[in-house]
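entry-v6.cif (mmCIF, C-alpha atoms) appears below.
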```cif
data_run
#
loop_
_atom_site.label_atom_id
_atom_site.label_comp_id
_atom_site.auth_asym_id
_atom_site.auth_seq_id
_atom_site.Cartn_x
_atom_site.Cartn_y
_atom_site.Cartn_z
CA ALA U 1 -34.34 6.46 -6.88
CA LYS U 2 -35.07 9.64 -4.98
CA LYS U 3 -32.84 10.42 -2.01
CA ALA U 4 -34.57 10.54 1.37
CA PRO U 5 -34.97 14.00 2.93
CA GLY U 6 -32.05 14.83 5.18
CA ALA U 7 -30.04 11.80 4.04
CA ARG U 8 -26.46 12.06 2.87
CA ILE U 9 -24.32 9.41 1.23
CA VAL U 10 -20.68 9.55 2.24
CA GLY U 11 -18.15 8.02 -0.14
CA MET U 12 -19.76 8.24 -3.63
CA PRO U 13 -20.00 4.50 -4.28
CA ILE U 14 -20.66 4.79 -8.02
CA ALA U 15 -18.20 7.51 -9.05
CA PHE U 16 -15.54 6.49 -6.52
CA GLY U 17 -14.63 10.18 -6.31
CA GLU U 18 -13.04 10.05 -2.87
CA VAL U 19 -11.06 6.91 -3.70
CA SER U 20 -9.67 8.48 -6.88
CA GLY U 21 -8.71 11.66 -5.05
CA SER U 22 -7.10 9.72 -2.24
CA MET U 23 -5.12 7.63 -4.74
CA ALA U 24 -3.85 10.77 -6.48
CA ASN U 25 -2.78 12.26 -3.15
CA ALA U 26 -0.99 9.04 -2.20
CA SER U 27 0.85 9.02 -5.55
CA LEU U 28 2.01 12.62 -5.06
CA LEU U 29 3.11 11.87 -1.51
CA SER U 30 5.03 8.80 -2.70
CA LEU U 31 6.92 10.97 -5.20
CA LEU U 32 7.68 13.54 -2.50
CA ALA U 33 8.96 10.89 -0.09
CA PHE U 34 11.07 9.36 -2.88
CA LEU U 35 12.69 12.70 -3.71
CA LEU U 36 13.33 13.52 -0.05
CA VAL U 37 15.15 10.19 0.32
CA VAL U 38 17.01 10.15 -2.98
CA LEU U 39 18.21 13.73 -3.53
CA PRO U 40 20.19 14.14 -0.29
CA SER U 41 21.41 10.54 -0.49
CA VAL U 42 22.89 11.08 -3.96
CA TYR U 43 24.42 14.39 -2.89
CA ILE U 44 25.87 13.26 0.46
CA THR U 45 26.74 9.57 0.26
CA PRO U 46 29.63 8.01 -1.75
CA PHE U 47 28.83 7.17 -5.38
CA THR U 48 29.36 3.47 -4.67
CA PHE U 49 26.72 3.64 -1.94
CA SER U 50 24.08 5.96 -3.44
CA PRO U 51 22.51 3.34 -5.78
CA HIS U 52 21.36 1.47 -2.67
CA PRO U 53 18.97 4.13 -1.31
CA VAL U 54 17.91 5.15 -4.84
CA LEU U 55 16.92 1.60 -5.85
CA LEU U 56 15.31 0.71 -2.51
CA ALA U 57 13.32 3.95 -2.44
CA ALA U 58 12.18 3.38 -6.03
CA SER U 59 11.15 -0.17 -5.11
CA THR U 60 9.29 0.67 -1.91
CA LEU U 61 8.04 4.22 -2.30
CA ILE U 62 7.19 4.22 -6.00
CA ALA U 63 6.70 0.75 -7.52
CA SER U 64 5.14 -0.95 -4.49
CA VAL U 65 2.85 1.99 -3.83
CA GLN U 66 1.58 1.94 -7.41
CA GLY U 67 1.11 -1.81 -7.14
CA ILE U 68 -1.01 -1.38 -4.02
CA LEU U 69 -3.05 1.50 -5.46
CA ALA U 70 -3.78 -0.55 -8.57
CA LEU U 71 -6.14 -2.69 -6.50
CA PHE U 72 -8.43 0.26 -5.79
CA GLY U 73 -9.92 0.55 -9.27
CA LYS U 74 -13.54 0.13 -10.22
CA PRO U 75 -14.97 -3.41 -9.86
CA LEU U 76 -15.38 -3.64 -13.65
CA ASP U 77 -11.62 -3.25 -14.08
CA ARG U 78 -10.55 -5.94 -11.61
CA ALA U 79 -8.68 -8.08 -14.16
CA GLN U 80 -6.74 -5.08 -15.43
CA ALA U 81 -6.08 -3.93 -11.87
CA ARG U 82 -4.62 -7.33 -10.93
CA GLU U 83 -2.37 -7.28 -13.99
CA ARG U 84 -1.07 -3.84 -13.09
CA HIS U 85 -0.58 -4.90 -9.47
CA LEU U 86 1.41 -7.93 -10.62
CA ARG U 87 3.63 -5.93 -12.97
CA MET U 88 4.39 -3.21 -10.44
CA GLN U 89 5.19 -5.66 -7.66
CA LEU U 90 7.48 -7.63 -9.97
CA LEU U 91 9.23 -4.35 -10.82
CA SER U 92 9.45 -3.56 -7.11
CA GLY U 93 11.04 -6.95 -6.46
CA VAL U 94 13.62 -6.46 -9.21
CA LEU U 95 14.53 -2.98 -7.93
CA MET U 96 14.82 -4.34 -4.39
CA ILE U 97 17.17 -7.13 -5.43
CA LEU U 98 19.29 -4.64 -7.39
CA GLY U 99 19.36 -2.39 -4.32
CA VAL U 100 20.59 -5.24 -2.14
CA GLY U 101 23.17 -6.16 -4.76
CA SER U 102 24.44 -2.57 -4.85
CA ILE U 103 25.07 -2.48 -1.10
CA LEU U 104 26.91 -5.81 -1.26
CA ILE U 105 29.13 -4.40 -4.04
CA HIS U 106 29.75 -1.27 -1.97
CA LYS U 107 30.75 -3.38 1.04
CA ALA U 108 33.07 -5.49 -1.08
CA ILE U 109 34.75 -2.36 -2.49
CA MET U 110 35.15 -0.95 1.02
CA GLY U 111 36.53 -4.26 2.32
CA LYS U 112 33.66 -4.71 4.79
CA SER U 113 31.86 -7.88 5.80
CA LEU U 114 28.90 -8.75 3.57
CA MET U 115 26.89 -9.88 6.59
CA PRO U 116 24.48 -7.35 8.08
CA ARG U 117 25.83 -5.64 11.20
CA THR U 118 22.95 -3.31 12.10
CA ASN U 119 19.25 -3.69 12.87
CA HIS U 120 18.61 -1.89 9.59
CA GLY U 121 20.58 -4.51 7.70
CA VAL U 122 18.92 -7.46 9.42
CA ALA U 123 15.44 -5.96 8.89
CA GLY U 124 16.33 -5.38 5.26
CA TRP U 125 17.05 -9.07 4.69
CA VAL U 126 13.79 -9.99 6.41
CA VAL U 127 11.87 -7.62 4.14
CA VAL U 128 13.61 -8.99 1.04
CA GLY U 129 12.63 -12.52 2.10
CA LEU U 130 9.00 -11.46 2.59
CA TYR U 131 8.94 -9.75 -0.81
CA VAL U 132 10.34 -12.83 -2.54
CA LEU U 133 7.73 -15.05 -0.87
CA GLN U 134 4.99 -12.58 -1.74
CA ILE U 135 6.02 -12.56 -5.39
CA ILE U 136 6.13 -16.36 -5.54
CA PHE U 137 2.74 -16.85 -3.93
CA GLY U 138 1.30 -13.86 -5.75
CA LEU U 139 2.23 -15.39 -9.11
CA ALA U 140 0.76 -18.71 -8.00
CA LYS U 141 -2.41 -16.99 -6.79
CA HIS U 142 -2.77 -15.12 -10.08
CA THR U 143 -2.21 -18.27 -12.14
CA VAL U 144 -4.82 -20.26 -10.21
CA LEU U 145 -7.32 -17.40 -10.43
CA LEU U 146 -6.93 -17.16 -14.21
CA SER U 147 -7.12 -20.90 -14.78
CA THR U 148 -9.86 -21.91 -12.34
CA GLY U 149 -11.42 -18.67 -11.07
CA GLN U 150 -10.65 -19.78 -7.52
CA LYS U 151 -9.07 -17.45 -4.97
CA VAL U 152 -6.28 -19.08 -2.96
CA TYR U 153 -3.70 -17.80 -0.47
CA ARG U 154 -6.16 -15.28 0.95
CA TRP U 155 -3.51 -14.14 3.42
CA HIS U 156 -1.47 -12.72 0.52
CA GLY U 157 -2.91 -9.21 0.77
CA LEU U 158 -2.46 -8.97 4.54
CA VAL U 159 1.14 -10.22 4.49
CA GLY U 160 1.81 -7.87 1.59
CA SER U 161 0.64 -4.90 3.66
CA TRP U 162 3.00 -5.83 6.47
CA ALA U 163 5.90 -6.44 4.06
CA TRP U 164 5.43 -3.04 2.44
CA VAL U 165 5.08 -1.24 5.80
CA GLY U 166 8.25 -2.98 7.01
CA ALA U 167 10.13 -2.04 3.85
CA SER U 168 9.00 1.58 4.09
CA ILE U 169 10.00 1.85 7.74
CA ASN U 170 13.38 0.37 6.87
CA VAL U 171 13.86 3.03 4.20
CA ALA U 172 13.11 5.66 6.84
CA THR U 173 15.56 4.17 9.34
CA GLY U 174 18.18 4.01 6.59
CA THR U 175 17.92 7.76 6.04
CA VAL U 176 18.44 8.31 9.78
CA LEU U 177 21.65 6.27 9.62
CA VAL U 178 23.28 8.02 6.65
CA LEU U 179 21.77 11.52 6.32
CA PRO U 180 22.12 14.65 8.47
CA SER U 181 19.31 15.27 10.94
CA ILE U 182 17.21 17.73 8.91
CA PRO U 183 17.00 15.81 5.61
CA ALA U 184 16.65 12.55 7.53
CA THR U 185 13.75 13.95 9.54
CA LEU U 186 12.01 15.27 6.43
CA ALA U 187 12.44 12.00 4.55
CA SER U 188 11.30 9.91 7.52
CA ALA U 189 8.26 12.11 8.15
CA ALA U 190 7.20 11.94 4.51
CA THR U 191 7.61 8.16 4.51
CA VAL U 192 5.51 7.72 7.65
CA MET U 193 2.82 10.00 6.19
CA LEU U 194 2.89 7.91 3.02
CA ILE U 195 2.37 4.69 4.98
CA ILE U 196 -0.67 6.14 6.73
CA LYS U 197 -2.05 7.62 3.51
CA VAL U 198 -1.77 4.40 1.52
CA LEU U 199 -3.30 2.29 4.27
CA LEU U 200 -6.24 4.70 4.47
CA VAL U 201 -6.99 4.70 0.73
CA GLY U 202 -10.56 3.49 0.33
CA LYS U 203 -11.33 4.20 3.98
CA ASN U 204 -13.69 7.09 4.71
CA SER U 205 -12.52 8.32 8.13
CA SER U 206 -13.96 11.56 9.45
CA SER U 207 -12.14 11.52 12.81
CA SER U 208 -8.82 10.42 14.26
CA ALA U 209 -10.55 7.55 16.07
CA GLU U 210 -12.08 6.27 12.83
CA ALA U 211 -8.72 6.65 11.07
CA ALA U 212 -7.00 4.61 13.79
CA SER U 213 -9.70 1.95 13.50
CA SER U 214 -9.28 1.88 9.72
CA LEU U 215 -5.51 1.49 10.03
CA ALA U 216 -5.93 -1.35 12.51
CA SER U 217 -8.47 -3.12 10.30
CA ARG U 218 -6.13 -2.90 7.30
CA LEU U 219 -3.21 -4.35 9.25
CA ILE U 220 -5.05 -7.17 11.04
CA GLY U 221 -7.21 -8.15 8.11
CA LYS U 222 -10.54 -7.48 9.79
CA THR U 223 -13.21 -4.91 9.10
CA ALA U 224 -14.14 -2.66 12.00
CA VAL U 225 -17.65 -3.24 13.37
CA PRO U 226 -19.82 -0.46 11.94
CA ALA U 227 -21.88 1.78 14.17
CA LYS U 228 -25.60 1.29 14.20
CA GLY U 229 -27.21 2.65 11.06
CA THR U 230 -24.01 2.65 8.99
CA HIS U 231 -22.39 0.32 6.54
CA THR U 232 -18.62 -0.09 6.59
CA GLY U 233 -16.98 -1.19 3.34
CA GLY U 234 -14.03 -0.32 1.12
CA VAL U 235 -15.68 3.12 0.85
CA GLN U 236 -18.07 3.68 3.71
CA LEU U 237 -21.72 4.55 3.27
CA ALA U 238 -23.67 6.36 5.94
CA ALA U 239 -27.25 7.52 6.04
CA LEU U 240 -27.34 10.38 8.52
CA ALA U 241 -30.20 11.69 10.69
CA GLY U 242 -33.53 12.49 9.13
CA THR U 243 -34.17 9.29 7.19
CA ASN U 244 -37.08 7.97 9.22
CA ASN U 245 -39.56 9.01 6.52
CA ALA U 246 -37.49 7.63 3.61
CA SER U 247 -39.49 6.01 0.87
CA ALA U 248 -39.21 2.31 0.09
CA SER U 249 -37.52 3.07 -3.23
CA SER U 250 -34.82 5.13 -1.48
CA GLY U 251 -34.12 2.32 0.99
CA THR U 252 -33.80 -0.16 -1.88
CA ALA U 253 -31.32 2.09 -3.69
CA LEU U 254 -29.19 2.53 -0.59
CA ASN U 255 -29.20 -1.19 0.12
CA GLY U 256 -28.13 -1.87 -3.47
CA ALA U 257 -25.28 0.60 -3.17
CA ALA U 258 -24.25 -0.98 0.14
CA ASP U 259 -24.23 -4.43 -1.46
CA GLU U 260 -22.06 -3.11 -4.29
CA GLN U 261 -19.66 -1.61 -1.80
CA GLU U 262 -19.46 -4.91 0.12
CA VAL U 263 -18.40 -6.64 -3.10
CA MET U 264 -15.79 -3.96 -3.69
CA ARG U 265 -14.45 -4.30 -0.16
CA SER U 266 -13.98 -8.04 -0.47
CA GLU U 267 -12.26 -7.60 -3.82
CA ILE U 268 -9.79 -5.07 -2.39
CA GLN U 269 -8.98 -7.02 0.75
CA ASP U 270 -8.53 -10.23 -1.22
CA PRO U 271 -7.20 -9.12 -4.64
#
```

Starting from the file, give its structure as structure tokens.
Amino acid sequence: AKKAPGARIVGMPIAFGEVSGSMANASLLSLLAFLLVVLPSVYITPFTFSPHPVLLAASTLIASVQGILALFGKPLDRAQARERHLRMQLLSGVLMILGVGSILIHKAIMGKSLMPRTNHGVAGWVVVGLYVLQIIFGLAKHTVLLSTGQKVYRWHGLVGSWAWVGASINVATGTVLVLPSIPATLASAATVMLIIKVLLVGKNSSSSAEAASSLASRLIGKTAVPAKGTHTGGVQLAALAGTNNASASSGTALNGAADEQEVMRSEIQDP
């Protein structure tokens, strides 16, 4: 179909160009955050302690991020995307448990109590509990979907977002507790940037207000109400000024693309 004069499509619904670029940027930022956490931790902290930040950073900043990004593939690859999401989150859970085990071993060697004594420690156990529950219900959700085609536990994606954000923040607070101010600030800043970047993947936000709205919608499980004349989906579509004289064929094409994007949005929010 021929594009209407003066119209512009934001988001490239067929090629998913902006989503792919955003995913690549998020992956690079996750690697940077991981290195900023791990390198100073290995260099500064005792060798009995350093496996803890290394394993937790690998779990949260690498494996979990890749598991989340796996859900932003093309609609035709949904089954493969779910399989990758499942594998990466299982890996994340294993790394997290190993990270918790390493800190318990370190405490035992140092003759310290195994019970958490800081807010960081308490929050860490809460996050571990959420991850375990997410893995259990995620496996159940995946099994039911494969066997019956029915989607259950639709809250799984929302709770998963909160669990990952909580785990990432706890990694950042951990660096503040054990690292000098400069490396701790760099690692924390990179982690916070990563959280924002990952939550905005698939969201086309051209202003800070739209970005804030997109972040809120991701964390409360609701889609922001689109402005008049726009369609808000996993990747937004917008027909800008000058479309009053658009042909009927152009309107049909845009509506079809909008419908495709609505399907994609629902798939991403409820993997």

Selection: 12 Å around Pro116 in chain U, only C-alpha atoms, excl. self and same-chain fewer than 2 positions, as a VMD selection string: chain U and resid 100 103 to 104 107 112 to 114 118 to 126

Result set of the PyMOL selection byres ((chain U and resi 160) around 10) on the coordinates above, as a PyMOL selection string: chain U and resi 64+68+130-131+133-135+138+155-159+161-166+219

U:Leu36, U:Ala26, U:Ala190, U:Val171 ranked by distance to Ser59 in chain U, top pick (using all atoms listed in the file):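 Smallest distance to Ser59 in chain U is found for U:Val171.
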
Shortest interatomic distance to Leu98 in chain U - which of U:His52, U:Arg82, U:Lys141, U:Lys197, counting all atoms listed in the file: U:His52

From U:Leu69, U:Met115, U:Ile195, U:Leu55, residue lying nearest Leu86 in chain U [all atoms listed in the file]: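 Of U:Leu69, U:Met115, U:Ile195, U:Leu55, the one nearest Leu86 in chain U is U:Leu69, counting all atoms listed in the file.
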
Shell of 12 Å around Phe47 in chain U, only C-alpha atoms, local chain residues under 5 positions omitted, as a ChimeraX atom specification: /U:41-42,52-54,102-103,105-106,109

Which residue of U:Ile220, U:Ala212, U:Ile169, U:Ala58 approaches Ser188 in chain U most closely, using all atoms listed in the file: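 Result for the nearest residue to Ser188 in chain U: U:Ile169.
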
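Across the structure, CA of Ala189 in chain U and CA of Ala81 in chain U are spaced 29.4 Å apart.
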
Output check: residues returned by the PyMOL selection byres ((chain U and resi 142) around 9), as an NGL selection string: :U and (82-83 or 86 or 137-141 or 143-147 or 151-152)

Okay, now the selection with C-alpha atoms, as a CSV table (one decimal), keeping the file's coordinate frame?
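File written: again20.csv
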```
chain,number,residue,atom,x,y,z
U,82,ARG,CA,-4.6,-7.3,-10.9
U,83,GLU,CA,-2.4,-7.3,-14.0
U,86,LEU,CA,1.4,-7.9,-10.6
U,137,PHE,CA,2.7,-16.8,-3.9
U,138,GLY,CA,1.3,-13.9,-5.8
U,139,LEU,CA,2.2,-15.4,-9.1
U,140,ALA,CA,0.8,-18.7,-8.0
U,141,LYS,CA,-2.4,-17.0,-6.8
U,143,THR,CA,-2.2,-18.3,-12.1
U,144,VAL,CA,-4.8,-20.3,-10.2
U,145,LEU,CA,-7.3,-17.4,-10.4
U,146,LEU,CA,-6.9,-17.2,-14.2
U,147,SER,CA,-7.1,-20.9,-14.8
U,151,LYS,CA,-9.1,-17.4,-5.0
U,152,VAL,CA,-6.3,-19.1,-3.0
```

Atom pair CA of Thr175 in chain U / CA of Val38 in chain U: separation (Å):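 So the two atoms, CA of Thr175 in chain U and CA of Val38 in chain U, lie 9.4 Å apart.
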
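Our summary of the geometry notes that CA of Thr60 in chain U is positioned 21.7 Å from CA of Ile182 in chain U.
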
Protein/DNA/RNA residues near (28.1, 14.9, 4.3), cut 10 Å, only C-alpha atoms, as a PyMOL selection string: chain U and resi 40-41+43-46+178-180

Residue nearest Val128 in chain U among U:Gly101, U:Gly149, U:Gly93, U:Gly111 (counting only C-alpha atoms):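 When distances to Val128 in chain U are compared using only C-alpha atoms, the smallest one comes from U:Gly93.
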
For Thr173 in chain U, the nearest of the candidates U:Val37, U:Asn25, U:Leu31, U:Ser214, counting only C-alpha atoms: U:Val37
